>>> print(open('final-v3.cif').read())   # mmCIF, C-alpha atoms
data_model
#
loop_
_atom_site.label_atom_id
_atom_site.label_comp_id
_atom_site.auth_asym_id
_atom_site.auth_seq_id
_atom_site.Cartn_x
_atom_site.Cartn_y
_atom_site.Cartn_z
CA MET P 1018 -28.22 -73.67 57.97
CA LYS P 1019 -24.83 -73.11 56.38
CA GLU P 1020 -23.02 -76.26 55.26
CA HIS P 1021 -19.51 -76.55 53.91
CA VAL P 1022 -16.59 -78.91 53.82
CA GLN P 1023 -13.07 -77.62 54.18
CA GLU P 1024 -10.02 -79.81 53.66
CA THR P 1025 -6.82 -79.14 55.52
CA ALA P 1026 -3.97 -77.79 53.46
CA ALA P 1027 -1.98 -80.96 53.97
CA GLY P 1028 -5.04 -83.03 53.13
CA VAL P 1029 -5.28 -81.51 49.66
CA ALA P 1030 -1.62 -81.44 48.80
CA ASN P 1031 -0.93 -85.05 49.77
CA THR P 1032 -3.99 -86.94 48.58
CA ALA P 1033 -2.80 -88.03 45.13
CA PRO P 1034 -0.07 -90.68 44.74
CA ALA P 1035 3.24 -89.13 43.76
CA SER P 1036 3.45 -91.36 40.68
CA GLU P 1037 0.24 -89.81 39.33
CA VAL P 1038 1.04 -86.18 40.11
CA SER P 1039 3.02 -84.28 37.51
CA ASP P 1040 2.84 -80.67 36.38
CA GLN P 1041 5.54 -81.14 33.72
CA SER P 1042 2.90 -81.14 30.98
CA VAL P 1043 2.54 -77.37 31.44
CA SER P 1044 5.54 -75.14 32.15
CA MET P 1045 6.05 -71.52 33.11
CA GLU P 1046 7.40 -70.97 29.60
CA ASP P 1047 4.10 -72.24 28.19
CA ILE P 1048 2.21 -69.64 30.23
CA VAL P 1049 4.55 -66.84 29.14
CA ARG P 1050 4.17 -67.87 25.49
CA ALA P 1051 0.40 -67.96 25.92
CA HIS P 1052 0.55 -64.45 27.34
CA HIS P 1053 2.20 -63.18 24.14
CA VAL P 1054 -0.29 -65.03 21.91
CA LEU P 1055 -3.29 -63.71 23.80
CA ARG P 1056 -2.25 -60.09 23.34
CA GLU P 1057 -3.89 -60.40 19.93
CA VAL P 1058 -7.42 -60.73 21.31
CA ILE P 1059 -7.92 -60.33 25.05
CA VAL P 1060 -7.99 -57.34 27.36
CA ARG P 1061 -5.85 -57.22 30.48
CA THR P 1062 -8.68 -57.23 33.00
CA PRO P 1063 -8.35 -54.99 36.07
CA LEU P 1064 -7.42 -56.15 39.55
CA GLN P 1065 -9.66 -53.91 41.64
CA HIS P 1066 -9.42 -53.21 45.35
CA ASP P 1067 -12.91 -53.72 46.78
CA ALA P 1068 -13.60 -51.36 49.68
CA VAL P 1069 -16.88 -53.05 50.71
CA LEU P 1070 -15.44 -56.56 50.98
CA SER P 1071 -12.20 -55.28 52.52
CA ALA P 1072 -14.10 -53.57 55.34
CA LYS P 1073 -16.33 -56.62 55.86
CA TYR P 1074 -13.43 -59.08 56.22
CA LYS P 1075 -10.85 -56.70 57.74
CA CYS P 1076 -8.31 -57.29 54.98
CA ASN P 1077 -7.39 -56.08 51.51
CA VAL P 1078 -9.68 -57.82 49.01
CA TYR P 1079 -8.89 -57.50 45.31
CA LEU P 1080 -11.20 -58.73 42.55
CA LYS P 1081 -9.68 -60.02 39.31
CA ARG P 1082 -12.44 -58.93 36.95
CA GLU P 1083 -12.54 -61.60 34.26
CA ASP P 1084 -16.23 -60.76 33.94
CA LEU P 1085 -14.94 -57.73 31.98
CA GLN P 1086 -13.08 -59.92 29.47
CA VAL P 1087 -14.09 -59.66 25.78
CA VAL P 1088 -16.40 -62.69 26.13
CA ARG P 1089 -17.19 -61.86 29.77
CA SER P 1090 -15.19 -64.78 31.16
CA PHE P 1091 -11.64 -66.12 31.36
CA LYS P 1092 -12.42 -68.98 28.95
CA ILE P 1093 -11.18 -67.18 25.85
CA ARG P 1094 -7.64 -67.39 27.23
CA GLY P 1095 -7.35 -71.16 27.00
CA ALA P 1096 -9.55 -71.54 23.92
CA TYR P 1097 -7.72 -69.01 21.76
CA ASN P 1098 -4.31 -70.20 22.90
CA MET P 1099 -5.08 -73.77 21.89
CA ILE P 1100 -6.80 -72.96 18.59
CA ARG P 1101 -4.09 -70.45 17.63
CA ASN P 1102 -1.50 -73.23 18.01
CA LEU P 1103 -3.25 -75.74 15.73
CA THR P 1104 -1.56 -76.78 12.50
CA ASP P 1105 -2.92 -75.57 9.17
CA GLU P 1106 -4.23 -79.07 8.50
CA GLU P 1107 -6.07 -79.19 11.83
CA ARG P 1108 -7.62 -75.78 11.19
CA ALA P 1109 -8.80 -76.86 7.75
CA ARG P 1110 -10.63 -79.87 9.23
CA GLY P 1111 -12.45 -77.63 11.71
CA ILE P 1112 -12.86 -77.89 15.46
CA VAL P 1113 -15.43 -79.19 17.94
CA CYS P 1114 -16.04 -78.27 21.57
CA ALA P 1115 -18.42 -79.08 24.41
CA SER P 1116 -19.31 -76.39 26.92
CA ALA P 1117 -21.87 -75.22 29.45
CA GLY P 1118 -21.52 -71.74 28.00
CA ASN P 1119 -18.35 -69.78 28.67
CA HIS P 1120 -15.88 -72.07 26.90
CA ALA P 1121 -18.26 -72.12 23.95
CA GLN P 1122 -18.11 -68.33 23.74
CA GLY P 1123 -14.31 -68.37 23.82
CA VAL P 1124 -14.19 -71.01 21.09
CA ALA P 1125 -16.80 -69.18 19.00
CA PHE P 1126 -14.89 -65.91 19.24
CA SER P 1127 -11.66 -67.69 18.31
CA CYS P 1128 -13.25 -69.43 15.31
CA ASN P 1129 -14.53 -66.12 14.01
CA ALA P 1130 -11.24 -64.31 14.62
CA LEU P 1131 -9.15 -67.02 12.93
CA GLY P 1132 -11.61 -67.96 10.18
CA ILE P 1133 -12.08 -71.56 11.35
CA GLN P 1134 -15.28 -73.60 11.17
CA GLY P 1135 -16.49 -75.08 14.45
CA LYS P 1136 -19.27 -77.17 15.97
CA ILE P 1137 -20.21 -76.30 19.53
CA TYR P 1138 -22.16 -78.76 21.67
CA MET P 1139 -23.94 -77.29 24.70
CA PRO P 1140 -26.28 -78.79 27.33
CA SER P 1141 -29.93 -78.04 26.63
CA THR P 1142 -30.05 -76.55 30.15
CA THR P 1143 -27.58 -73.78 29.23
CA PRO P 1144 -29.08 -70.33 29.95
CA ASN P 1145 -30.46 -68.77 26.78
CA GLN P 1146 -28.30 -65.69 27.25
CA LYS P 1147 -25.14 -67.80 26.85
CA VAL P 1148 -26.48 -69.59 23.76
CA LYS P 1149 -27.23 -66.27 22.08
CA GLN P 1150 -23.77 -64.96 22.93
CA VAL P 1151 -22.11 -68.02 21.38
CA LYS P 1152 -24.01 -67.51 18.14
CA ARG P 1153 -23.18 -63.80 18.16
CA PHE P 1154 -19.45 -64.29 18.76
CA GLY P 1155 -19.14 -67.14 16.27
CA GLY P 1156 -21.33 -65.82 13.49
CA SER P 1157 -21.31 -67.96 10.37
CA ASN P 1158 -18.19 -69.80 11.53
CA VAL P 1159 -19.95 -71.90 14.18
CA GLU P 1160 -22.87 -74.31 14.47
CA VAL P 1161 -24.48 -74.63 17.91
CA ILE P 1162 -25.97 -78.00 18.91
CA LEU P 1163 -28.00 -78.17 22.16
CA ILE P 1164 -28.09 -81.68 23.58
CA GLY P 1165 -28.40 -83.47 26.95
CA ASP P 1166 -28.80 -82.04 30.45
CA THR P 1167 -25.18 -81.61 31.58
CA PHE P 1168 -21.75 -80.73 30.23
CA ASP P 1169 -20.89 -84.42 30.31
CA ASP P 1170 -23.79 -85.24 27.97
CA ALA P 1171 -22.62 -82.57 25.51
CA PHE P 1172 -19.02 -83.80 25.85
CA GLU P 1173 -20.00 -87.33 24.86
CA GLN P 1174 -21.73 -86.15 21.70
CA ALA P 1175 -18.88 -83.80 20.80
CA MET P 1176 -16.33 -86.62 21.04
CA LYS P 1177 -18.54 -88.76 18.82
CA ALA P 1178 -18.59 -86.00 16.19
CA CYS P 1179 -14.80 -85.71 16.34
CA LYS P 1180 -14.31 -89.40 15.60
CA GLU P 1181 -16.87 -89.48 12.83
CA GLN P 1182 -15.80 -86.27 11.05
CA GLY P 1183 -12.07 -86.03 11.84
CA MET P 1184 -12.35 -82.63 13.54
CA THR P 1185 -10.08 -81.44 16.37
CA PHE P 1186 -11.58 -81.36 19.86
CA ILE P 1187 -10.93 -78.22 21.93
CA HIS P 1188 -11.25 -79.42 25.51
CA PRO P 1189 -12.59 -76.87 28.01
CA PHE P 1190 -10.06 -77.72 30.72
CA ASP P 1191 -8.02 -80.91 30.16
CA ALA P 1192 -5.31 -79.85 27.69
CA PRO P 1193 -1.87 -78.22 28.14
CA LYS P 1194 -2.56 -75.19 25.93
CA ILE P 1195 -5.88 -74.58 27.71
CA ILE P 1196 -4.24 -74.67 31.14
CA ALA P 1197 -1.36 -72.47 29.95
CA GLY P 1198 -3.79 -69.88 28.61
CA ASN P 1199 -5.69 -69.90 31.89
CA GLY P 1200 -2.42 -69.49 33.74
CA THR P 1201 -2.10 -65.99 32.32
CA VAL P 1202 -4.78 -64.94 34.81
CA GLY P 1203 -2.35 -65.79 37.61
CA MET P 1204 0.45 -64.02 35.76
CA GLU P 1205 -1.56 -60.79 35.50
CA ILE P 1206 -2.56 -60.98 39.17
CA MET P 1207 1.01 -61.26 40.40
CA GLU P 1208 2.25 -58.53 38.05
CA SER P 1209 -0.49 -56.14 39.24
CA LEU P 1210 0.30 -56.37 42.97
CA ASP P 1211 3.04 -54.41 44.71
CA VAL P 1212 3.45 -57.28 47.17
CA PRO P 1213 2.52 -60.94 46.62
CA ALA P 1214 -0.99 -61.99 47.55
CA ASP P 1215 -1.40 -63.96 50.76
CA PHE P 1216 -4.48 -65.79 49.46
CA VAL P 1217 -5.92 -66.38 45.99
CA PHE P 1218 -9.40 -67.90 45.73
CA VAL P 1219 -10.25 -69.56 42.41
CA THR P 1220 -13.30 -71.44 41.15
CA ILE P 1221 -13.00 -75.11 40.24
CA GLY P 1222 -15.25 -76.65 37.61
CA GLY P 1223 -13.18 -79.00 35.47
CA GLY P 1224 -10.06 -77.62 37.14
CA GLY P 1225 -8.36 -75.87 34.21
CA LEU P 1226 -8.39 -72.39 35.71
CA ALA P 1227 -7.27 -73.51 39.17
CA ALA P 1228 -4.49 -75.60 37.60
CA GLY P 1229 -3.13 -72.76 35.47
CA VAL P 1230 -3.40 -70.13 38.19
CA GLY P 1231 -1.97 -72.45 40.85
CA LEU P 1232 0.93 -73.46 38.62
CA TYR P 1233 2.01 -69.88 37.93
CA ILE P 1234 1.44 -68.43 41.39
CA LYS P 1235 3.21 -71.22 43.24
CA ALA P 1236 6.21 -70.83 40.94
CA VAL P 1237 6.66 -67.11 41.60
CA SER P 1238 5.29 -66.92 45.17
CA PRO P 1239 5.35 -70.28 47.02
CA SER P 1240 4.04 -68.64 50.22
CA THR P 1241 0.78 -67.54 48.56
CA LYS P 1242 -2.09 -69.82 49.55
CA VAL P 1243 -4.13 -70.91 46.52
CA ILE P 1244 -7.63 -71.94 47.57
CA GLY P 1245 -9.90 -73.82 45.18
CA VAL P 1246 -13.66 -73.28 45.51
CA GLU P 1247 -16.32 -75.74 44.32
CA PRO P 1248 -20.12 -75.75 44.42
CA SER P 1249 -21.31 -78.21 47.06
CA GLY P 1250 -23.57 -79.96 44.59
CA ALA P 1251 -20.81 -80.63 42.05
CA ALA P 1252 -17.61 -81.06 44.06
CA SER P 1253 -15.84 -83.43 41.67
CA MET P 1254 -12.30 -82.21 42.49
CA SER P 1255 -12.80 -82.71 46.22
CA GLU P 1256 -14.05 -86.23 45.58
CA ALA P 1257 -11.15 -86.99 43.27
CA LEU P 1258 -8.61 -85.84 45.84
CA LEU P 1259 -10.38 -87.80 48.55
CA ARG P 1260 -10.29 -91.00 46.50
CA ARG P 1261 -6.80 -90.32 45.15
CA GLU P 1262 -8.00 -90.61 41.55
CA VAL P 1263 -10.28 -88.84 39.09
CA VAL P 1264 -13.84 -90.09 39.51
CA THR P 1265 -17.18 -89.45 37.82
CA LEU P 1266 -19.96 -88.26 40.12
CA GLU P 1267 -23.28 -90.00 39.51
CA GLU P 1268 -25.39 -86.89 40.08
CA ILE P 1269 -24.66 -83.18 40.37
CA ASP P 1270 -26.58 -79.99 41.05
CA LYS P 1271 -26.53 -78.17 37.71
CA PHE P 1272 -27.38 -74.72 39.11
CA VAL P 1273 -23.79 -73.39 39.09
CA ASP P 1274 -23.65 -74.16 35.39
CA GLY P 1275 -20.14 -72.78 34.87
CA ALA P 1276 -18.70 -75.21 37.44
CA ALA P 1277 -21.18 -78.13 37.35
CA VAL P 1278 -18.90 -80.88 36.07
CA LYS P 1279 -19.25 -84.56 36.95
CA ARG P 1280 -15.61 -85.36 36.25
CA VAL P 1281 -12.58 -83.06 36.49
CA GLY P 1282 -9.73 -83.33 34.00
CA ASP P 1283 -6.86 -85.72 34.58
CA MET P 1284 -4.25 -83.03 33.99
CA PRO P 1285 -5.95 -80.39 36.18
CA TYR P 1286 -6.34 -83.01 38.91
CA ALA P 1287 -2.62 -83.80 38.85
CA ILE P 1288 -1.65 -80.13 38.99
CA CYS P 1289 -4.25 -79.12 41.59
CA ALA P 1290 -3.21 -82.01 43.85
CA SER P 1291 0.27 -80.52 44.13
CA LYS P 1292 -0.44 -76.78 43.81
CA LEU P 1293 -3.63 -76.08 45.78
CA ASP P 1294 -3.37 -75.46 49.51
CA ASP P 1295 -7.04 -76.13 50.21
CA ILE P 1296 -10.45 -76.68 48.66
CA VAL P 1297 -13.72 -75.39 50.09
CA LYS P 1298 -17.27 -76.24 49.08
CA VAL P 1299 -19.84 -73.47 48.82
CA PRO P 1300 -23.58 -74.26 48.94
CA GLU P 1301 -25.46 -73.13 45.85
CA GLY P 1302 -27.75 -70.97 48.00
CA LYS P 1303 -24.77 -69.10 49.42
CA ALA P 1304 -23.50 -68.43 45.92
CA CYS P 1305 -26.90 -66.87 45.19
CA THR P 1306 -26.64 -64.60 48.23
CA THR P 1307 -23.19 -63.50 47.03
CA ILE P 1308 -24.52 -62.74 43.53
CA LEU P 1309 -27.16 -60.44 45.01
CA ASP P 1310 -24.67 -58.80 47.39
CA LEU P 1311 -22.16 -58.10 44.62
CA TYR P 1312 -24.90 -56.55 42.51
CA ASN P 1313 -26.48 -54.48 45.30
CA GLU P 1314 -23.28 -53.37 47.04
CA ASN P 1315 -20.70 -53.32 44.22
CA ALA P 1316 -22.77 -52.98 41.03
CA ILE P 1317 -21.07 -56.13 39.68
CA VAL P 1318 -23.06 -58.62 37.61
CA VAL P 1319 -21.56 -62.05 38.19
CA GLU P 1320 -22.61 -65.57 37.27
CA PRO P 1321 -22.89 -68.33 39.93
CA ALA P 1322 -19.47 -69.83 39.16
CA GLY P 1323 -17.88 -66.38 39.32
CA ALA P 1324 -19.42 -65.71 42.72
CA LEU P 1325 -17.90 -68.79 44.40
CA PRO P 1326 -14.52 -67.26 45.39
CA VAL P 1327 -16.18 -64.28 47.10
CA ALA P 1328 -18.70 -66.58 48.79
CA ALA P 1329 -15.80 -68.62 50.16
CA LEU P 1330 -14.42 -65.64 52.10
CA ASP P 1331 -16.91 -66.31 54.91
CA LEU P 1332 -15.34 -69.75 55.36
CA TYR P 1333 -11.89 -68.14 55.67
CA SER P 1334 -12.87 -65.01 57.58
CA GLU P 1335 -10.43 -65.57 60.47
CA GLN P 1336 -7.43 -66.65 58.37
CA ILE P 1337 -7.60 -63.70 55.95
CA GLN P 1338 -7.80 -60.84 58.47
CA GLY P 1339 -5.06 -58.32 57.75
CA LYS P 1340 -3.98 -60.16 54.59
CA ASN P 1341 -3.91 -59.38 50.88
CA VAL P 1342 -6.61 -61.49 49.26
CA VAL P 1343 -7.50 -61.99 45.59
CA CYS P 1344 -10.81 -63.42 44.36
CA ILE P 1345 -11.00 -64.31 40.68
CA ILE P 1346 -14.39 -63.29 39.29
CA SER P 1347 -14.24 -65.87 36.53
CA GLY P 1348 -17.31 -64.76 34.56
CA GLY P 1349 -20.30 -62.47 34.34
CA ASN P 1350 -22.58 -64.30 31.89
CA ASN P 1351 -25.71 -64.33 34.00
CA ASP P 1352 -29.14 -64.50 32.38
CA ILE P 1353 -31.49 -61.94 33.93
CA ASP P 1354 -34.29 -64.50 33.63
CA ARG P 1355 -32.54 -66.47 36.39
CA MET P 1356 -32.62 -63.65 38.92
CA GLN P 1357 -35.93 -64.69 40.50
CA GLU P 1358 -34.59 -68.20 41.06
CA ILE P 1359 -31.35 -66.76 42.42
CA LYS P 1360 -33.28 -64.60 44.89
CA GLU P 1361 -35.44 -67.58 45.89
CA ARG P 1362 -32.45 -69.84 46.50
CA SER P 1363 -30.74 -67.10 48.50
CA LEU P 1364 -33.75 -66.51 50.76
CA MET P 1365 -34.12 -70.24 51.38
CA TYR P 1366 -30.42 -70.67 52.13
CA GLU P 1367 -30.50 -67.74 54.55
CA GLY P 1368 -33.46 -69.34 56.36
CA ILE P 1369 -35.86 -66.53 55.49
CA LYS P 1370 -38.15 -68.16 52.88
CA HIS P 1371 -40.10 -71.32 53.75
CA TYR P 1372 -42.71 -73.38 51.95
CA PHE P 1373 -45.37 -75.56 53.57
CA MET P 1374 -48.23 -77.82 52.54
CA ILE P 1375 -50.85 -77.03 55.18
CA ASN P 1376 -54.11 -78.87 55.84
CA PHE P 1377 -56.38 -76.16 57.18
CA PRO P 1378 -59.35 -77.26 59.37
CA GLN P 1379 -62.48 -77.68 57.24
CA ARG P 1380 -64.47 -74.85 58.76
CA SER P 1381 -65.03 -71.19 58.09
CA GLY P 1382 -62.54 -68.77 59.63
CA ALA P 1383 -59.62 -71.22 59.63
CA LEU P 1384 -57.52 -69.13 57.28
CA ARG P 1385 -58.29 -65.94 59.23
CA GLU P 1386 -57.15 -67.66 62.46
CA PHE P 1387 -53.91 -68.72 60.75
CA LEU P 1388 -53.19 -65.12 59.81
CA GLU P 1389 -54.01 -63.82 63.28
CA ASP P 1390 -52.70 -66.59 65.56
CA VAL P 1391 -49.81 -68.20 63.64
CA LEU P 1392 -48.07 -65.53 61.58
CA GLY P 1393 -45.65 -63.34 63.50
CA PRO P 1394 -45.65 -59.54 63.23
CA GLY P 1395 -42.82 -59.57 60.66
CA ASP P 1396 -43.94 -62.66 58.72
CA ASP P 1397 -45.40 -62.31 55.26
CA ILE P 1398 -47.29 -64.75 53.02
CA THR P 1399 -45.70 -64.60 49.58
CA ASN P 1400 -47.43 -67.61 48.04
CA PHE P 1401 -50.85 -69.15 48.67
CA GLU P 1402 -52.48 -71.71 46.41
CA TYR P 1403 -55.06 -74.41 47.00
CA THR P 1404 -53.91 -77.72 45.51
CA LYS P 1405 -57.46 -78.59 44.41
CA LYS P 1406 -58.97 -75.86 42.27
CA HIS P 1407 -62.59 -77.12 42.32
CA ASN P 1408 -62.83 -78.61 45.82
CA LYS P 1409 -60.79 -76.38 48.10
CA GLU P 1410 -62.38 -77.73 51.27
CA ASN P 1411 -60.82 -81.19 50.80
CA GLY P 1412 -57.26 -80.31 49.83
CA PRO P 1413 -54.20 -78.77 51.45
CA ALA P 1414 -52.79 -75.40 50.48
CA LEU P 1415 -49.30 -74.52 49.30
CA VAL P 1416 -48.12 -71.62 51.48
CA GLY P 1417 -44.92 -69.62 51.09
CA ILE P 1418 -43.84 -67.54 54.09
CA GLU P 1419 -41.06 -64.97 54.20
CA LEU P 1420 -39.65 -64.12 57.63
CA ASN P 1421 -37.88 -61.03 58.90
CA SER P 1422 -34.95 -63.18 60.02
CA LYS P 1423 -34.09 -66.87 60.30
CA GLU P 1424 -34.54 -66.63 64.08
CA ASP P 1425 -38.29 -66.25 63.48
CA TYR P 1426 -38.56 -69.78 62.06
CA LEU P 1427 -38.76 -71.83 65.28
CA PRO P 1428 -41.37 -69.52 66.86
CA LEU P 1429 -43.45 -69.92 63.68
CA ILE P 1430 -43.25 -73.72 63.91
CA GLU P 1431 -44.14 -73.61 67.61
CA ARG P 1432 -47.26 -71.53 66.87
CA MET P 1433 -48.30 -73.92 64.08
CA ASN P 1434 -47.90 -76.88 66.45
CA ARG P 1435 -49.89 -75.17 69.22
CA LYS P 1436 -52.65 -74.50 66.71
CA GLY P 1437 -52.74 -78.20 65.88
CA LEU P 1438 -52.11 -77.68 62.16
CA GLN P 1439 -51.12 -80.59 59.94
CA TYR P 1440 -48.28 -79.47 57.66
CA THR P 1441 -45.28 -80.61 55.63
CA GLU P 1442 -42.08 -78.51 55.42
CA LEU P 1443 -41.22 -78.53 51.73
CA ASN P 1444 -37.78 -76.95 52.20
CA LYS P 1445 -36.66 -80.18 53.86
CA ASP P 1446 -37.83 -82.39 50.99
CA SER P 1447 -36.03 -81.48 47.76
CA ASN P 1448 -38.20 -83.80 45.64
CA LEU P 1449 -41.46 -82.25 46.83
CA TYR P 1450 -40.01 -78.77 46.54
CA ASN P 1451 -38.88 -79.27 42.95
CA ILE P 1452 -42.28 -80.66 41.95
CA LEU P 1453 -44.42 -77.98 43.56
CA ILE P 1454 -42.37 -74.77 43.48
#
>>> encode(input="final-v3.cif", output="structure tokens")
Amino acid sequence: MKEHVQETAAGVANTAPASEVSDQSVSMEDIVRAHHVLREVIVRTPLQHDAVLSAKYKCNVYLKREDLQVVRSFKIRGAYNMIRNLTDEERARGIVCASAGNHAQGVAFSCNALGIQGKIYMPSTTPNQKVKQVKRFGGSNVEVILIGDTFDDAFEQAMKACKEQGMTFIHPFDAPKIIAGNGTVGMEIMESLDVPADFVFVTIGGGGLAAGVGLYIKAVSPSTKVIGVEPSGAASMSEALLRREVVTLEEIDKFVDGAAVKRVGDMPYAICASKLDDIVKVPEGKACTTILDLYNENAIVVEPAGALPVAALDLYSEQIQGKNVVCIISGGNNDIDRMQEIKERSLMYEGIKHYFMINFPQRSGALREFLEDVLGPGDDITNFEYTKKHNKENGPALVGIELNSKEDYLPLIERMNRKGLQYTELNKDSNLYNILI
């Protein structure tokens, strides 16, 4: 079942108290200056018209391909802009950053390009592909420290290192130079279009990209709707806007690692509260379906955070018909080792893959009857494992079933009930699922 939360445009724009909302910390001039600085290192990524998505949603869909950036994400824009503007004294002391992957690559590249020493703290859950890229981009100029389970854990340790060693912290999203650098994405989008975009969809993690893009686009085209997109399991900006203050979520789903942040930045929050027209939440499983679709239909390799804006189009399918729509593909750093999990999450979200613990009757022929009497003509067993290896007759079996379509699920359950089987649906119990699958 698809689940999402969509705020009204007025609901987003008016949630934060006026006294707390200010975008004066970052100006249009800051973004223009960042644009000139970044010419030294970045590529101007293409804004591509996507025929497949345009036909599907009956509009003109353009993809801003930041997955084709030199570090395969937009993060180098803010990182290089901030590091390039440090004083000689600050550079000599070295820099520190915390990142779930993409910011770390931008910082590592910048350290190498500018000859600065840096320490990079990353969650131990960061995909190995991103860790290797950080080391490759940084070379001998960076030291990578893996610690904790989330960005927030890495952030805490990075701040501790700054205080103890006097190094400069390069924040991934909550700093004026970071936001200004990110704003150049919006600048390039608007310069590439013959007419202003009607909608721009942008991922929100800590909020730095959405803040920069929203700031620039609203200044040059107030009628353009800027839509923030968060993963449902880590919707810290939505919660902050709802409570009218930045809050720290107790728990988050870490799957969308590039946007899994417990607490958004104070500065991005203030800017997003006044510049975003709406925020939508995309389930992690839907992001997985979008990753597979973009690969199979468009030959684009995108990471979960980068897939969110395209995934959000389903939630706006009526509003965007006949419009010019831009989706920012924020990054393409996806570890191929994750593809099986991505496929699994997609199938479960789409209602096609289901797991059960089934107590088969303790008699011969029970399994054969299950295959003949319970499985439908298009159903397929993809997993089967007895929970007790040495006494199969006294233990349930873990059974994975893949359906032709989600409409086949209720008939399957009805046949299992008619057969009198005792079973537990693992898809409905996340704790059991995570333990057994």
>>> closest_residue(input="final-v3.cif", among="P:Asn1102, P:Ser1116, P:Ser1347, P:Gln1182", to="Ala1227 in chain P", atoms="all atoms listed in the file")
P:Ser1347
>>> atom_distance(input="final-v3.cif", atom1="CA of Asp1191 in chain P", atom2="CA of Arg1280 in chain P")
10.7 Å
>>> closest_residue(input="final-v3.cif", among="P:Val1219, P:Asp1067, P:Glu1057, P:Lys1075", to="Leu1131 in chain P", atoms="all atoms listed in the file")
P:Glu1057
>>> resolve_selection(input="final-v3.cif", expression="the PyMOL selection byres ((chain P and resi 1210) around 12)", output="PDB file with C-alpha atoms, in the coordinates of the input")
ATOM      1  CA  PRO P1063      -8.350 -54.990  36.070  1.00  0.00           C
ATOM      2  CA  LEU P1064      -7.420 -56.150  39.550  1.00  0.00           C
ATOM      3  CA  GLN P1065      -9.660 -53.910  41.640  1.00  0.00           C
ATOM      4  CA  HIS P1066      -9.420 -53.210  45.350  1.00  0.00           C
ATOM      5  CA  ASN P1077      -7.390 -56.080  51.510  1.00  0.00           C
ATOM      6  CA  VAL P1078      -9.680 -57.820  49.010  1.00  0.00           C
ATOM      7  CA  TYR P1079      -8.890 -57.500  45.310  1.00  0.00           C
ATOM      8  CA  LEU P1080     -11.200 -58.730  42.550  1.00  0.00           C
ATOM      9  CA  LYS P1081      -9.680 -60.020  39.310  1.00  0.00           C
ATOM     10  CA  GLY P1203      -2.350 -65.790  37.610  1.00  0.00           C
ATOM     11  CA  MET P1204       0.450 -64.020  35.760  1.00  0.00           C
ATOM     12  CA  GLU P1205      -1.560 -60.790  35.500  1.00  0.00           C
ATOM     13  CA  ILE P1206      -2.560 -60.980  39.170  1.00  0.00           C
ATOM     14  CA  MET P1207       1.010 -61.260  40.400  1.00  0.00           C
ATOM     15  CA  GLU P1208       2.250 -58.530  38.050  1.00  0.00           C
ATOM     16  CA  SER P1209      -0.490 -56.140  39.240  1.00  0.00           C
ATOM     17  CA  ASP P1211       3.040 -54.410  44.710  1.00  0.00           C
ATOM     18  CA  VAL P1212       3.450 -57.280  47.170  1.00  0.00           C
ATOM     19  CA  PRO P1213       2.520 -60.940  46.620  1.00  0.00           C
ATOM     20  CA  ALA P1214      -0.990 -61.990  47.550  1.00  0.00           C
ATOM     21  CA  ASP P1215      -1.400 -63.960  50.760  1.00  0.00           C
ATOM     22  CA  SER P1238       5.290 -66.920  45.170  1.00  0.00           C
ATOM     23  CA  ASN P1341      -3.910 -59.380  50.880  1.00  0.00           C
ATOM     24  CA  VAL P1342      -6.610 -61.490  49.260  1.00  0.00           C
ATOM     25  CA  VAL P1343      -7.500 -61.990  45.590  1.00  0.00           C
TER      26      VAL P1343
END
>>> atom_distance(input="final-v3.cif", atom1="CA of Lys1194 in chain P", atom2="CA of Glu1083 in chain P")
18.8 Å
>>> resolve_selection(input="final-v3.cif", expression="the PyMOL selection byres ((chain P and resi 1195) around 7)", output="PyMOL selection string")
chain P and resi 1095-1096+1098-1099+1190+1192-1194+1196-1199
>>> atom_distance(input="final-v3.cif", atom1="CA of Gly1200 in chain P", atom2="CA of Ala1324 in chain P")
19.6 Å
>>> residues_around(input="final-v3.cif", residues="Glu1046 in chain P", least_positions_apart="2", cutoff="12 Å", atoms="only C-alpha atoms", output="PyMOL selection string")
chain P and resi 1041-1044+1048-1053+1193-1194+1197-1198+1200-1201+1204+1232-1233+1236
>>> residues_around(input="final-v3.cif", residues="Thr1399 in chain P", least_positions_apart="4", cutoff="7 Å", atoms="only C-alpha atoms", output="mmCIF file with C-alpha atoms, in the frame of the given file")
data_model
loop_
_atom_site.group_PDB
_atom_site.id
_atom_site.type_symbol
_atom_site.label_atom_id
_atom_site.label_comp_id
_atom_site.auth_asym_id
_atom_site.auth_seq_id
_atom_site.Cartn_x
_atom_site.Cartn_y
_atom_site.Cartn_z
ATOM 1 C CA GLY P 1417 -44.920 -69.620 51.090
ATOM 2 C CA ILE P 1418 -43.840 -67.540 54.090
ATOM 3 C CA GLU P 1419 -41.060 -64.970 54.200
#
>>> resolve_selection(input="final-v3.cif", expression="the PyMOL selection byres ((chain P and resi 1315-1323) around 8)", output="list in words")
Val1069, Asp1084, Thr1220, Pro1248, Phe1272, Val1273, Asp1274, Gly1275, Ala1276, Ala1304, Cys1305, Ile1308, Asp1310, Leu1311, Tyr1312, Asn1313, Glu1314, Ala1324, Leu1325, Pro1326, Ile1345, Ile1346, Ser1347, Gly1348, Gly1349, Asn1350 and Asn1351 of chain P
>>> closest_residue(input="final-v3.cif", among="P:Val1281, P:Met1184, P:Leu1293, P:Ala1287", to="Ile1234 in chain P", atoms="all atoms listed in the file")
P:Leu1293
>>> residues_around(input="final-v3.cif", residues="Thr1167 in chain P", least_positions_apart="4", cutoff="8 Å", atoms="only C-alpha atoms", output="list in words")
Ala1117, Pro1140, Ser1141, Thr1142, Ala1171, Lys1271, Ala1277 and Val1278 of chain P
